[in-house]
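Engineer: Structure file run_38.cif (mmCIF, C-alpha atoms and all ligand atoms) is given on the next line.
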data_entry
loop_
_atom_site.group_PDB
_atom_site.id
_atom_site.type_symbol
_atom_site.label_atom_id
_atom_site.label_comp_id
_atom_site.auth_asym_id
_atom_site.auth_seq_id
_atom_site.Cartn_x
_atom_site.Cartn_y
_atom_site.Cartn_z
ATOM 1 C CA MET A 1 -4.287 67.022 96.467
ATOM 2 C CA SER A 2 -7.784 68.484 96.807
ATOM 3 C CA ARG A 3 -10.953 66.747 95.812
ATOM 4 C CA LYS A 4 -11.495 69.291 93.040
ATOM 5 C CA ASP A 5 -8.123 68.432 91.505
ATOM 6 C CA THR A 6 -8.903 64.731 91.560
ATOM 7 C CA ILE A 7 -12.234 65.250 89.797
ATOM 8 C CA LEU A 8 -10.653 67.591 87.237
ATOM 9 C CA ARG A 9 -7.890 65.095 86.465
ATOM 10 C CA ALA A 10 -10.384 62.230 86.119
ATOM 11 C CA ALA A 11 -12.509 64.304 83.762
ATOM 12 C CA GLN A 12 -9.491 65.185 81.610
ATOM 13 C CA ARG A 13 -8.443 61.527 81.446
ATOM 14 C CA THR A 14 -11.946 60.477 80.397
ATOM 15 C CA ALA A 15 -12.038 63.135 77.711
ATOM 16 C CA LYS A 16 -8.676 62.007 76.374
ATOM 17 C CA GLU A 17 -9.811 58.379 76.302
ATOM 18 C CA ALA A 18 -12.997 59.306 74.506
ATOM 19 C CA ARG A 19 -11.013 61.247 71.910
ATOM 20 C CA ASN A 20 -8.650 58.333 71.414
ATOM 21 C CA ASN A 21 -11.530 55.908 70.987
ATOM 22 C CA ALA A 22 -13.199 58.208 68.500
ATOM 23 C CA SER A 23 -10.075 58.576 66.394
ATOM 24 C CA ARG A 24 -9.522 54.815 66.484
ATOM 25 C CA LYS A 25 -13.081 54.277 65.250
ATOM 26 C CA MET A 26 -12.530 56.815 62.456
ATOM 27 C CA LYS A 27 -9.403 54.990 61.381
ATOM 28 C CA MET A 28 -11.282 51.690 61.314
ATOM 29 C CA LYS A 29 -14.009 53.287 59.220
ATOM 30 C CA ASP A 30 -11.390 54.536 56.755
ATOM 31 C CA GLU A 31 -9.968 51.051 56.386
ATOM 32 C CA VAL A 32 -13.381 49.481 55.839
ATOM 33 C CA SER A 33 -14.785 52.042 53.388
ATOM 34 C CA ILE A 34 -13.967 51.280 49.736
ATOM 35 C CA SER A 35 -14.970 53.013 46.547
ATOM 36 C CA PRO A 36 -18.496 52.257 45.289
ATOM 37 C CA HIS A 37 -18.665 49.188 43.107
ATOM 38 C CA ARG A 38 -21.024 46.388 42.102
ATOM 39 C CA HIS A 39 -20.573 42.643 42.023
ATOM 40 C CA CYS A 40 -20.473 40.136 39.206
ATOM 41 C CA SER A 41 -24.002 38.703 39.164
ATOM 42 C CA ILE A 42 -22.561 35.168 38.790
ATOM 43 C CA CYS A 43 -19.477 34.861 41.017
ATOM 44 C CA TRP A 44 -19.898 38.046 43.141
ATOM 45 C CA LYS A 45 -16.409 39.317 42.363
ATOM 46 C CA PRO A 46 -16.263 43.117 42.597
ATOM 47 C CA VAL A 47 -16.565 44.838 39.209
ATOM 48 C CA PRO A 48 -16.669 48.565 38.241
ATOM 49 C CA LEU A 49 -19.907 50.384 39.002
ATOM 50 C CA GLU A 50 -20.620 51.419 35.418
ATOM 51 C CA ARG A 51 -20.127 47.902 34.056
ATOM 52 C CA ASP A 52 -23.006 46.677 31.882
ATOM 53 C CA PRO A 53 -23.727 43.717 31.907
ATOM 54 C CA PRO A 54 -22.650 43.376 35.555
ATOM 55 C CA VAL A 55 -20.290 40.433 35.130
ATOM 56 C CA CYS A 56 -16.531 40.014 35.568
ATOM 57 C CA ASN A 57 -14.073 39.228 32.778
ATOM 58 C CA ALA A 58 -14.415 35.447 33.054
ATOM 59 C CA ASP A 59 -15.938 33.737 29.992
ATOM 60 C CA LYS A 60 -17.905 31.406 32.235
ATOM 61 C CA CYS A 61 -19.618 34.336 33.914
ATOM 62 C CA SER A 62 -20.496 36.238 30.732
ATOM 63 C CA ASN A 63 -21.854 33.059 29.130
ATOM 64 C CA SER A 64 -24.078 32.216 32.062
ATOM 65 C CA TRP A 65 -25.178 35.845 32.289
ATOM 66 C CA ILE A 66 -26.310 35.718 28.636
ATOM 67 C CA LYS A 67 -28.232 32.516 29.386
ATOM 68 C CA LYS A 68 -29.841 34.058 32.452
ATOM 69 C CA ASP A 69 -30.725 37.206 30.518
ATOM 70 C CA LYS A 70 -32.431 35.192 27.769
ATOM 71 C CA ALA A 71 -34.398 33.219 30.367
ATOM 72 C CA ARG A 72 -35.461 36.446 32.044
ATOM 73 C CA LYS A 73 -36.604 37.989 28.777
ATOM 74 C CA ARG A 74 -38.553 34.834 27.921
ATOM 75 C CA LEU A 75 -40.220 34.951 31.326
ATOM 76 C CA THR A 76 -41.215 38.577 30.780
ATOM 77 C CA ILE A 77 -42.772 37.681 27.403
ATOM 78 C CA MET A 78 -44.684 34.786 29.003
ATOM 79 C CA MET A 79 -45.973 37.065 31.733
ATOM 80 C CA TYR A 80 -47.625 39.261 29.105
ATOM 81 C CA LEU A 81 -48.496 36.504 26.638
ATOM 82 C CA PHE A 82 -50.434 34.176 28.947
ATOM 83 C CA PRO A 83 -52.893 36.777 30.260
ATOM 84 C CA ALA A 84 -53.315 38.024 26.668
ATOM 85 C CA ILE A 85 -54.234 34.493 25.512
ATOM 86 C CA ALA A 86 -56.571 34.077 28.471
ATOM 87 C CA ILE A 87 -58.339 37.353 27.656
ATOM 88 C CA PHE A 88 -58.526 36.367 23.979
ATOM 89 C CA PHE A 89 -60.283 33.080 24.821
ATOM 90 C CA LEU A 90 -62.557 34.855 27.273
ATOM 91 C CA ILE A 91 -63.702 37.268 24.554
ATOM 92 C CA LEU A 92 -64.086 34.390 22.101
ATOM 93 C CA ASN A 93 -66.220 32.529 24.644
ATOM 94 C CA MET A 94 -68.428 35.546 25.266
ATOM 95 C CA GLN A 95 -69.056 36.009 21.554
ATOM 96 C CA GLN A 96 -70.047 32.365 21.128
ATOM 97 C CA THR A 97 -72.598 32.453 23.957
ATOM 98 C CA ASN A 98 -74.294 35.604 22.618
HETATM 99 ZN ZN ZN B 101 -17.799 36.524 37.620
#
Would you mind writing the file's structure down as structure tokens?
Structural biologist:
Amino acid sequence: MSRKDTILRAAQRTAKEARNNASRKMKMKDEVSISPHRHCSICWKPVPLERDPPVCNADKCSNSWIKKDKARKRLTIMMYLFPAIAIFFLILNMQQTN
């Protein structure tokens, strides 16, 4: 066997191995990839993407989501209300000093 043959054979083997590895990786990717979805914001169970509110079917989860939502809305109101009150008193103070 000539040196050229040996090199050629080695190259072919490497190419075959590379192809095999690539196809194995592709297969793994296929197994891992799942359809797009979101998670229940309470227990992190997968739920459909278009689900609103993003909670699963469990009563416990929907109840605590409602509680959380109310708390969040209250916080948003506070965030606007407190600066508004502060500005109101500031204006009141300025008028009294003049
Ligand atoms: Zn849940």
Engineer: Fewer than 6 positions away in the same chain doesn't count, so skip those; otherwise give me all residues within 7 Å of stretch 52-60 of chain A, counting all atoms listed in the file, as a CSV table (one decimal) with C-alpha atoms, in the frame of the given file.
Structural biologist:
chain,number,residue,atom,x,y,z
A,39,HIS,CA,-20.6,42.6,42.0
A,40,CYS,CA,-20.5,40.1,39.2
A,41,SER,CA,-24.0,38.7,39.2
A,42,ILE,CA,-22.6,35.2,38.8
A,45,LYS,CA,-16.4,39.3,42.4
Engineer: Apply the PyMOL selection byres (((chain A and resi 38) around 7) and not hetatm) to the structure shown and report the selected residues as a PyMOL selection string.
Structural biologist: chain A and resi 37+39-40+46-49
Engineer: Could you tell me which of A:Ala71, A:Ala22, A:Leu81, A:Cys61 comes closest to ligand ZN 101 (chain B) if we count only C-alpha atoms and all ligand atoms?
Structural biologist: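 Among the listed residues, A:Cys61 lies closest to ligand ZN 101 (chain B).
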Engineer: For a quick check of understanding, using only C-alpha atoms, which of A:Asn93, A:Met78, A:Thr6, A:Glu50 has the smallest distance to A:Pro36?
Structural biologist: A:Glu50
Engineer: Can you tell me how far atom CA of A:Ile34 sits from atom ZN of ligand ZN 101 (chain B), in Å to one decimal?
Structural biologist: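 Value for the atom CA of A:Ile34-atom ZN of ligand ZN 101 (chain B) distance: 19.5 Å.
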Engineer: Using all atoms listed in the file, find the one residue out of A:Ser64, A:Asn21, A:Ser35, A:Thr14 that sits nearest to ligand ZN 101 (chain B).
Structural biologist: A:Ser64
Engineer: Find the residue from A:Ile66, A:Ala15, A:Ile7, A:Cys43 that sits nearest to ligand ZN 101 (chain B); use only C-alpha atoms and all ligand atoms when measuring.
Structural biologist: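 With only C-alpha atoms and all ligand atoms as the atom set, the closest residue is A:Cys43.
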Engineer: Would you mind reading off the distance between atom CA of A:Asn63 and atom CA of A:Thr76, one decimal, in Å?
Structural biologist: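 Between atom CA of A:Asn63 and atom CA of A:Thr76 the gap is 20.2 Å.
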Engineer: Rounded to one decimal, what separation in Å do you get between atom CA of A:Arg51 and atom CA of A:Asp69?
Structural biologist: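 Atom-to-atom, atom CA of A:Arg51 to atom CA of A:Asp69, that is 15.5 Å.
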Engineer: Given the choices A:Arg72, A:Phe89, A:Lys67, A:Trp44, which gets closest to ligand ZN 101 (chain B) if the distance is worked out from all atoms listed in the file?
Structural biologist: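 So, comparing all the options, the nearest one is A:Trp44.
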Engineer: Would you please work out which residue, of A:Ser2, A:Trp65, A:Ala86, A:Leu8, is nearest to ligand ZN 101 (chain B) when using all atoms listed in the file?
Structural biologist: A:Trp65
